[in-house]
>>> print(open('final10.cif').read())   # mmCIF, C-alpha atoms, pLDDT in the B column; chains and numbers go by the auth columns
data_model
#
loop_
_atom_site.group_PDB
_atom_site.id
_atom_site.type_symbol
_atom_site.label_atom_id
_atom_site.label_comp_id
_atom_site.label_asym_id
_atom_site.label_seq_id
_atom_site.Cartn_x
_atom_site.Cartn_y
_atom_site.Cartn_z
_atom_site.B_iso_or_equiv
_atom_site.auth_seq_id
_atom_site.auth_asym_id
ATOM 1 C CA MET A 1 0.000 0.000 0.000 87.00 1 A
ATOM 2 C CA GLU A 2 1.377 3.405 -0.983 94.00 2 A
ATOM 3 C CA LYS A 3 1.866 6.141 1.610 97.00 3 A
ATOM 4 C CA LEU A 4 0.508 9.660 1.085 98.00 4 A
ATOM 5 C CA GLY A 5 1.347 12.662 3.243 98.00 5 A
ATOM 6 C CA VAL A 6 -1.322 15.307 3.851 98.00 6 A
ATOM 7 C CA PHE A 7 -0.232 18.698 5.184 98.00 7 A
ATOM 8 C CA GLY A 8 -2.954 21.301 5.522 96.00 8 A
ATOM 9 C CA GLY A 9 -2.980 24.829 6.815 94.00 9 A
ATOM 10 C CA THR A 10 -4.018 28.390 6.190 94.00 10 A
ATOM 11 C CA PHE A 11 -0.546 29.112 4.741 96.00 11 A
ATOM 12 C CA ASN A 12 -1.059 32.863 5.138 97.00 12 A
ATOM 13 C CA PRO A 13 1.711 32.860 4.006 97.00 13 A
ATOM 14 C CA ILE A 14 3.533 29.533 3.776 97.00 14 A
ATOM 15 C CA HIS A 15 6.962 29.907 5.398 97.00 15 A
ATOM 16 C CA ASN A 16 10.219 28.138 6.146 96.00 16 A
ATOM 17 C CA GLY A 17 8.846 26.697 9.385 94.00 17 A
ATOM 18 C CA HIS A 18 6.088 24.896 7.474 95.00 18 A
ATOM 19 C CA LEU A 19 8.581 23.631 4.927 95.00 19 A
ATOM 20 C CA SER A 20 11.110 22.473 7.531 94.00 20 A
ATOM 21 C CA LEU A 21 8.489 20.517 9.488 94.00 21 A
ATOM 22 C CA CYS A 22 6.920 18.973 6.406 95.00 22 A
ATOM 23 C CA THR A 23 10.269 17.998 4.889 95.00 23 A
ATOM 24 C CA GLN A 24 11.588 16.357 8.067 96.00 24 A
ATOM 25 C CA LEU A 25 8.386 14.420 8.705 97.00 25 A
ATOM 26 C CA SER A 26 8.272 13.296 5.076 97.00 26 A
ATOM 27 C CA ASP A 27 11.901 12.160 5.202 97.00 27 A
ATOM 28 C CA ALA A 28 11.359 10.236 8.433 97.00 28 A
ATOM 29 C CA LEU A 29 8.283 8.474 7.066 98.00 29 A
ATOM 30 C CA GLY A 30 9.755 7.822 3.617 97.00 30 A
ATOM 31 C CA LEU A 31 6.867 9.547 1.847 97.00 31 A
ATOM 32 C CA ALA A 32 7.142 9.705 -1.936 93.00 32 A
ATOM 33 C CA LYS A 33 4.191 12.121 -2.245 97.00 33 A
ATOM 34 C CA VAL A 34 2.907 14.863 0.030 98.00 34 A
ATOM 35 C CA LEU A 35 -0.143 17.044 -0.634 98.00 35 A
ATOM 36 C CA LEU A 36 -0.017 20.638 0.633 98.00 36 A
ATOM 37 C CA ILE A 37 -3.625 21.774 1.030 98.00 37 A
ATOM 38 C CA PRO A 38 -4.426 25.441 1.754 96.00 38 A
ATOM 39 C CA THR A 39 -7.670 25.865 3.675 94.00 39 A
ATOM 40 C CA ALA A 40 -10.569 27.916 2.359 90.00 40 A
ATOM 41 C CA ILE A 41 -11.861 28.972 5.792 83.00 41 A
ATOM 42 C CA PRO A 42 -10.016 27.531 8.820 78.00 42 A
ATOM 43 C CA PRO A 43 -12.643 26.261 11.272 72.00 43 A
ATOM 44 C CA HIS A 44 -10.334 25.995 14.296 62.00 44 A
ATOM 45 C CA LYS A 45 -8.967 29.529 14.451 60.00 45 A
ATOM 46 C CA ARG A 46 -9.863 33.074 13.507 62.00 46 A
ATOM 47 C CA ALA A 47 -8.031 33.978 10.312 62.00 47 A
ATOM 48 C CA THR A 48 -6.998 37.617 10.184 66.00 48 A
ATOM 49 C CA GLU A 49 -5.649 39.382 7.103 82.00 49 A
ATOM 50 C CA LEU A 50 -6.367 36.283 5.052 91.00 50 A
ATOM 51 C CA ALA A 51 -4.909 36.549 1.550 95.00 51 A
ATOM 52 C CA ASP A 52 -7.067 35.362 -1.316 95.00 52 A
ATOM 53 C CA GLY A 53 -7.136 31.599 -1.784 95.00 53 A
ATOM 54 C CA SER A 54 -5.581 31.833 -5.244 96.00 54 A
ATOM 55 C CA GLN A 55 -2.695 33.864 -3.811 98.00 55 A
ATOM 56 C CA ARG A 56 -2.041 31.422 -0.970 97.00 56 A
ATOM 57 C CA LEU A 57 -2.185 28.578 -3.485 97.00 57 A
ATOM 58 C CA ALA A 58 0.332 30.365 -5.725 98.00 58 A
ATOM 59 C CA MET A 59 2.706 30.957 -2.798 98.00 59 A
ATOM 60 C CA CYS A 60 2.546 27.274 -1.853 98.00 60 A
ATOM 61 C CA ARG A 61 3.420 26.285 -5.416 98.00 61 A
ATOM 62 C CA LEU A 62 6.363 28.669 -5.472 98.00 62 A
ATOM 63 C CA ALA A 63 7.584 27.388 -2.100 98.00 63 A
ATOM 64 C CA VAL A 64 7.799 23.729 -3.136 97.00 64 A
ATOM 65 C CA GLN A 65 8.844 24.032 -6.775 95.00 65 A
ATOM 66 C CA GLY A 66 11.850 21.842 -7.427 88.00 66 A
ATOM 67 C CA ASP A 67 10.870 19.119 -4.934 92.00 67 A
ATOM 68 C CA PRO A 68 8.876 16.528 -6.914 94.00 68 A
ATOM 69 C CA ARG A 69 7.372 14.810 -3.875 96.00 69 A
ATOM 70 C CA PHE A 70 5.363 17.906 -2.927 97.00 70 A
ATOM 71 C CA CYS A 71 2.109 18.602 -4.742 97.00 71 A
ATOM 72 C CA VAL A 72 -0.131 21.588 -3.962 98.00 72 A
ATOM 73 C CA CYS A 73 -3.814 20.634 -3.872 97.00 73 A
ATOM 74 C CA ASP A 74 -6.724 23.091 -4.223 97.00 74 A
ATOM 75 C CA LEU A 75 -9.362 20.631 -3.002 96.00 75 A
ATOM 76 C CA GLU A 76 -10.431 22.692 0.013 95.00 76 A
ATOM 77 C CA LEU A 77 -10.388 25.987 -1.878 95.00 77 A
ATOM 78 C CA ARG A 78 -12.655 24.507 -4.542 94.00 78 A
ATOM 79 C CA ARG A 79 -14.980 23.092 -1.902 91.00 79 A
ATOM 80 C CA GLN A 80 -15.176 26.508 -0.176 78.00 80 A
ATOM 81 C CA GLY A 81 -16.778 27.071 3.217 83.00 81 A
ATOM 82 C CA ASN A 82 -15.206 25.738 6.418 88.00 82 A
ATOM 83 C CA SER A 83 -12.342 23.387 5.598 91.00 83 A
ATOM 84 C CA TYR A 84 -12.951 20.308 7.727 95.00 84 A
ATOM 85 C CA THR A 85 -10.159 17.735 7.693 96.00 85 A
ATOM 86 C CA ALA A 86 -12.645 14.857 7.945 97.00 86 A
ATOM 87 C CA ASP A 87 -14.281 15.958 4.681 96.00 87 A
ATOM 88 C CA THR A 88 -10.903 16.362 3.000 97.00 88 A
ATOM 89 C CA LEU A 89 -9.677 12.900 4.007 98.00 89 A
ATOM 90 C CA ARG A 90 -12.933 11.367 2.776 97.00 90 A
ATOM 91 C CA GLU A 91 -12.452 12.984 -0.641 97.00 91 A
ATOM 92 C CA LEU A 92 -8.770 12.041 -0.786 98.00 92 A
ATOM 93 C CA GLU A 93 -9.579 8.431 0.036 96.00 93 A
ATOM 94 C CA ALA A 94 -11.785 8.304 -3.062 96.00 94 A
ATOM 95 C CA LEU A 95 -9.093 9.968 -5.199 96.00 95 A
ATOM 96 C CA TYR A 96 -6.246 7.805 -3.886 95.00 96 A
ATOM 97 C CA PRO A 97 -7.565 4.277 -3.252 94.00 97 A
ATOM 98 C CA ASP A 98 -5.229 1.666 -1.743 92.00 98 A
ATOM 99 C CA THR A 99 -3.264 4.462 -0.057 96.00 99 A
ATOM 100 C CA ARG A 100 -2.405 4.931 3.610 97.00 100 A
ATOM 101 C CA MET A 101 -2.717 8.605 4.523 98.00 101 A
ATOM 102 C CA PHE A 102 -0.433 10.324 7.022 98.00 102 A
ATOM 103 C CA LEU A 103 -1.772 13.597 8.424 98.00 103 A
ATOM 104 C CA LEU A 104 1.251 15.794 9.153 98.00 104 A
ATOM 105 C CA MET A 105 0.839 18.456 11.826 95.00 105 A
ATOM 106 C CA GLY A 106 2.519 20.701 14.338 91.00 106 A
ATOM 107 C CA THR A 107 2.160 20.596 18.103 91.00 107 A
ATOM 108 C CA ASP A 108 -0.858 22.888 18.488 90.00 108 A
ATOM 109 C CA MET A 109 -2.912 20.953 15.971 93.00 109 A
ATOM 110 C CA PHE A 110 -1.960 17.581 17.412 97.00 110 A
ATOM 111 C CA LEU A 111 -2.940 18.590 20.946 96.00 111 A
ATOM 112 C CA THR A 112 -6.431 19.671 19.865 96.00 112 A
ATOM 113 C CA VAL A 113 -7.266 17.173 17.105 97.00 113 A
ATOM 114 C CA GLN A 114 -9.638 15.224 19.363 98.00 114 A
ATOM 115 C CA ASN A 115 -11.924 18.282 19.368 97.00 115 A
ATOM 116 C CA TRP A 116 -12.114 18.609 15.588 97.00 116 A
ATOM 117 C CA TYR A 117 -15.209 18.041 13.486 96.00 117 A
ATOM 118 C CA HIS A 118 -15.844 14.280 13.139 97.00 118 A
ATOM 119 C CA ALA A 119 -12.542 13.469 14.861 98.00 119 A
ATOM 120 C CA ASN A 120 -13.352 9.751 14.872 98.00 120 A
ATOM 121 C CA GLU A 121 -13.479 9.797 11.090 97.00 121 A
ATOM 122 C CA ILE A 122 -10.065 11.469 10.982 98.00 122 A
ATOM 123 C CA PHE A 123 -8.673 8.759 13.268 98.00 123 A
ATOM 124 C CA ARG A 124 -10.116 6.053 11.027 97.00 124 A
ATOM 125 C CA ARG A 125 -8.770 7.437 7.777 97.00 125 A
ATOM 126 C CA ALA A 126 -5.252 8.689 8.621 98.00 126 A
ATOM 127 C CA VAL A 127 -2.201 8.160 10.797 98.00 127 A
ATOM 128 C CA LEU A 128 -1.574 11.306 12.851 98.00 128 A
ATOM 129 C CA VAL A 129 2.040 12.479 12.679 98.00 129 A
ATOM 130 C CA ALA A 130 3.426 15.277 14.858 97.00 130 A
ATOM 131 C CA GLY A 131 6.880 16.814 14.951 93.00 131 A
ATOM 132 C CA ALA A 132 8.454 17.314 18.393 87.00 132 A
ATOM 133 C CA ARG A 133 10.936 20.192 18.569 78.00 133 A
ATOM 134 C CA GLN A 134 12.414 19.504 22.019 71.00 134 A
ATOM 135 C CA LYS A 135 12.491 16.798 24.689 70.00 135 A
ATOM 136 C CA GLY A 136 9.826 18.339 26.911 77.00 136 A
ATOM 137 C CA GLU A 137 7.520 18.754 23.940 89.00 137 A
ATOM 138 C CA GLU A 138 8.178 15.203 22.781 91.00 138 A
ATOM 139 C CA ARG A 139 7.116 13.846 26.153 93.00 139 A
ATOM 140 C CA GLN A 140 3.934 15.925 26.073 95.00 140 A
ATOM 141 C CA LEU A 141 3.093 14.733 22.561 96.00 141 A
ATOM 142 C CA ARG A 142 3.718 11.078 23.416 96.00 142 A
ATOM 143 C CA GLU A 143 1.442 11.365 26.438 97.00 143 A
ATOM 144 C CA HIS A 144 -1.245 12.932 24.267 98.00 144 A
ATOM 145 C CA LEU A 145 -0.808 10.212 21.658 98.00 145 A
ATOM 146 C CA SER A 146 -1.509 7.632 24.362 98.00 146 A
ATOM 147 C CA PHE A 147 -4.763 9.459 25.091 98.00 147 A
ATOM 148 C CA LEU A 148 -5.662 9.642 21.385 98.00 148 A
ATOM 149 C CA GLU A 149 -5.049 5.914 21.025 98.00 149 A
ATOM 150 C CA THR A 150 -7.772 5.274 23.615 98.00 150 A
ATOM 151 C CA LEU A 151 -10.102 7.131 21.209 98.00 151 A
ATOM 152 C CA GLY A 152 -9.099 4.900 18.302 98.00 152 A
ATOM 153 C CA ALA A 153 -6.352 7.012 16.750 98.00 153 A
ATOM 154 C CA CYS A 154 -3.052 5.750 15.360 98.00 154 A
ATOM 155 C CA GLY A 155 -0.099 8.101 15.406 98.00 155 A
ATOM 156 C CA LYS A 156 3.630 8.768 15.356 97.00 156 A
ATOM 157 C CA ILE A 157 5.770 11.356 17.146 97.00 157 A
ATOM 158 C CA ILE A 158 8.942 12.292 15.274 96.00 158 A
ATOM 159 C CA PRO A 159 11.737 14.450 16.768 94.00 159 A
ATOM 160 C CA CYS A 160 12.433 17.424 14.491 93.00 160 A
ATOM 161 C CA HIS A 161 14.589 20.523 14.373 89.00 161 A
ATOM 162 C CA VAL A 162 11.987 23.021 13.244 77.00 162 A
ATOM 163 C CA VAL A 163 12.507 26.648 12.259 82.00 163 A
ATOM 164 C CA ASP A 164 10.490 28.662 14.792 84.00 164 A
ATOM 165 C CA ILE A 165 8.519 31.087 12.605 91.00 165 A
ATOM 166 C CA SER A 166 4.849 32.005 12.484 92.00 166 A
ATOM 167 C CA SER A 167 2.740 33.505 9.708 94.00 167 A
ATOM 168 C CA THR A 168 1.620 36.175 12.201 94.00 168 A
ATOM 169 C CA GLU A 169 5.259 37.174 12.718 96.00 169 A
ATOM 170 C CA ILE A 170 5.777 37.404 8.964 97.00 170 A
ATOM 171 C CA ARG A 171 2.727 39.611 8.449 96.00 171 A
ATOM 172 C CA ALA A 172 3.911 41.886 11.280 96.00 172 A
ATOM 173 C CA ALA A 173 7.372 42.153 9.730 97.00 173 A
ATOM 174 C CA ARG A 174 5.820 43.048 6.399 96.00 174 A
ATOM 175 C CA LYS A 175 3.741 45.838 7.971 94.00 175 A
ATOM 176 C CA GLN A 176 6.848 47.269 9.619 95.00 176 A
ATOM 177 C CA GLY A 177 8.834 47.201 6.393 94.00 177 A
ATOM 178 C CA ARG A 178 11.288 44.584 7.679 96.00 178 A
ATOM 179 C CA THR A 179 12.902 42.008 5.426 96.00 179 A
ATOM 180 C CA LEU A 180 11.357 38.557 5.096 97.00 180 A
ATOM 181 C CA ARG A 181 14.759 37.014 4.349 95.00 181 A
ATOM 182 C CA GLY A 182 15.135 33.692 6.117 94.00 182 A
ATOM 183 C CA MET A 183 11.436 33.540 6.953 97.00 183 A
ATOM 184 C CA VAL A 184 10.003 32.547 3.576 98.00 184 A
ATOM 185 C CA PRO A 185 11.590 31.222 0.371 97.00 185 A
ATOM 186 C CA PRO A 186 12.889 34.022 -1.899 97.00 186 A
ATOM 187 C CA SER A 187 10.250 33.246 -4.532 98.00 187 A
ATOM 188 C CA VAL A 188 7.496 33.680 -1.936 98.00 188 A
ATOM 189 C CA ALA A 189 9.036 36.940 -0.690 98.00 189 A
ATOM 190 C CA ARG A 190 9.030 38.269 -4.261 98.00 190 A
ATOM 191 C CA TYR A 191 5.400 37.237 -4.730 98.00 191 A
ATOM 192 C CA ILE A 192 4.370 39.002 -1.511 98.00 192 A
ATOM 193 C CA GLU A 193 6.206 42.152 -2.621 97.00 193 A
ATOM 194 C CA GLU A 194 4.877 42.124 -6.186 97.00 194 A
ATOM 195 C CA ASN A 195 1.285 41.560 -5.050 97.00 195 A
ATOM 196 C CA LYS A 196 1.494 44.060 -2.183 96.00 196 A
ATOM 197 C CA LEU A 197 0.310 41.488 0.355 97.00 197 A
ATOM 198 C CA TYR A 198 0.109 42.064 4.120 96.00 198 A
ATOM 199 C CA LEU A 199 0.655 45.811 3.997 94.00 199 A
ATOM 200 C CA PRO A 200 -1.225 48.193 6.320 88.00 200 A
ATOM 201 C CA LYS A 201 -4.704 48.889 5.011 78.00 201 A
ATOM 202 C CA GLU A 202 -3.769 52.368 3.795 61.00 202 A
ATOM 203 C CA GLY A 203 -1.008 50.769 1.719 44.00 203 A
ATOM 204 C CA LYS A 204 1.781 52.513 3.653 44.00 204 A
ATOM 205 C CA VAL A 205 4.557 50.900 5.646 43.00 205 A
ATOM 206 C CA ASP A 206 4.539 51.509 9.413 44.00 206 A
ATOM 207 C CA GLY A 207 7.056 54.108 10.441 39.00 207 A
ATOM 208 C CA ASN A 208 8.533 52.247 13.402 37.00 208 A
ATOM 209 C CA SER A 209 10.896 49.975 11.501 30.00 209 A
#
>>> encode(input="final10.cif", output="structure tokens")
Amino acid sequence: MEKLGVFGGTFNPIHNGHLSLCTQLSDALGLAKVLLIPTAIPPHKRATELADGSQRLAMCRLAVQGDPRFCVCDLELRRQGNSYTADTLRELEALYPDTRMFLLMGTDMFLTVQNWYHANEIFRRAVLVAGARQKGEERQLREHLSFLETLGACGKIIPCHVVDISSTEIRAARKQGRTLRGMVPPSVARYIEENKLYLPKEGKVDGNS
């Protein structure tokens, strides 16, 4: 049975932290194909300053160009509305029969997945995979995995060295006129600049940089 990685997120914008986590988890699992799936409307958090779906999709494509195992999927953007992982996995299962799906995620997502919409369906359709950035975090994730297993989930905790960046931090840097070097791939930085994304509403850069 083939293995398929699934890595979803708002990606507003996609950044080097996302890419580092996804790459390390994919390497550890030996995944030949990983789908990056930008959400239409994230149901688990309030999305502020959300770039258009087509722009987030374009940035994802730029970020992973050159790595053939990564494929950007617009399934949730086409479906529109709240992007529920259970619905996405159900659709992917039909598109990729005889495939074992691995749902790649960071710490925050892993620790709350039991509260997601139709969580039992998620547990049935995919192996949950979380990246642990430090020993204390790894212990916390393994304890939570034990709890999830009592609910019927199957999962893996993989130690990772992850770049500590957030999309919120990137949007703040952009507003203040600071460089995005080292935070996003150069191609994504150019796209953000050319499309005037994440600037203050009046279109001017904050004067406190």
>>> resolve_selection(input="final10.cif", expression="the PyMOL selection byres ((chain A and resi 3) around 7)", output="PyMOL selection string")
chain A and resi 1-2+4-5+31+99-101
>>> residues_around(input="final10.cif", residues="segment 80-92 of chain A", least_positions_apart="6", cutoff="7 Å", atoms="only C-alpha atoms", output="list of chain:residue names")
A:Thr39, A:Ala40, A:Ile41, A:Pro42, A:Pro43, A:Tyr117, A:His118, A:Glu121, A:Ile122, A:Arg125
>>> resolve_selection(input="final10.cif", expression="the PyMOL selection byres ((chain A and resi 182) around 10)", output="MDAnalysis selection string")
chainID A and resid 15:17 163 165 179:181 183:186 189
>>> closest_residue(input="final10.cif", among="A:Leu29, A:Phe123, A:Thr23, A:Glu49", to="Lys201 of chain A", atoms="all atoms listed in the file")
A:Glu49
>>> closest_residue(input="final10.cif", among="A:Met105, A:Val129, A:Cys73, A:Leu19", to="Val162 of chain A", atoms="only C-alpha atoms")
A:Leu19
>>> resolve_selection(input="final10.cif", expression="the PyMOL selection byres ((chain A and resi 12) around 7)", output="number ranges by chain")
A: 10-11, 13-14, 50-51, 56, 167
>>> atom_distance(input="final10.cif", atom1="atom CA of Arg124 of chain A", atom2="atom CA of Ala153 of chain A")
6.9 Å
>>> closest_residue(input="final10.cif", among="A:Glu137, A:Glu143, A:Glu93, A:Asp74", to="Thr107 of chain A", atoms="only C-alpha atoms")
A:Glu137
>>> axis_aligned_box(input="final10.cif", around="segment 55-60 of chain A", padding_each_side="3 Å", output="AutoDock Vina command-line options")
--center_x 0.0 --center_y 30.6 --center_z -3.3 --size_x 11.4 --size_y 12.6 --size_z 10.8
>>> closest_residue(input="final10.cif", among="A:Val6, A:Leu141, A:Gln55, A:Lys33", to="Pro68 of chain A", atoms="only C-alpha atoms")
A:Lys33
>>> closest_residue(input="final10.cif", among="A:Ile170, A:Val188, A:Leu35, A:Ile157", to="Tyr96 of chain A", atoms="all atoms listed in the file")
A:Leu35
>>> residues_around(input="final10.cif", residues="Leu197 of chain A", least_positions_apart="5", cutoff="9 Å", atoms="all atoms listed in the file", output="JSON, numbers by chain")
{"A": [51, 171, 174, 191, 192]}
>>> atom_distance(input="final10.cif", atom1="atom CA of Phe70 of chain A", atom2="atom CA of Thr112 of chain A")
25.7 Å
>>> closest_residue(input="final10.cif", among="A:Gln140, A:Ser26, A:Gln134, A:Gln176", to="Cys160 of chain A", atoms="all atoms listed in the file")
A:Gln134
>>> atom_distance(input="final10.cif", atom1="atom CA of His161 of chain A", atom2="atom CA of Ser146 of chain A")
22.9 Å
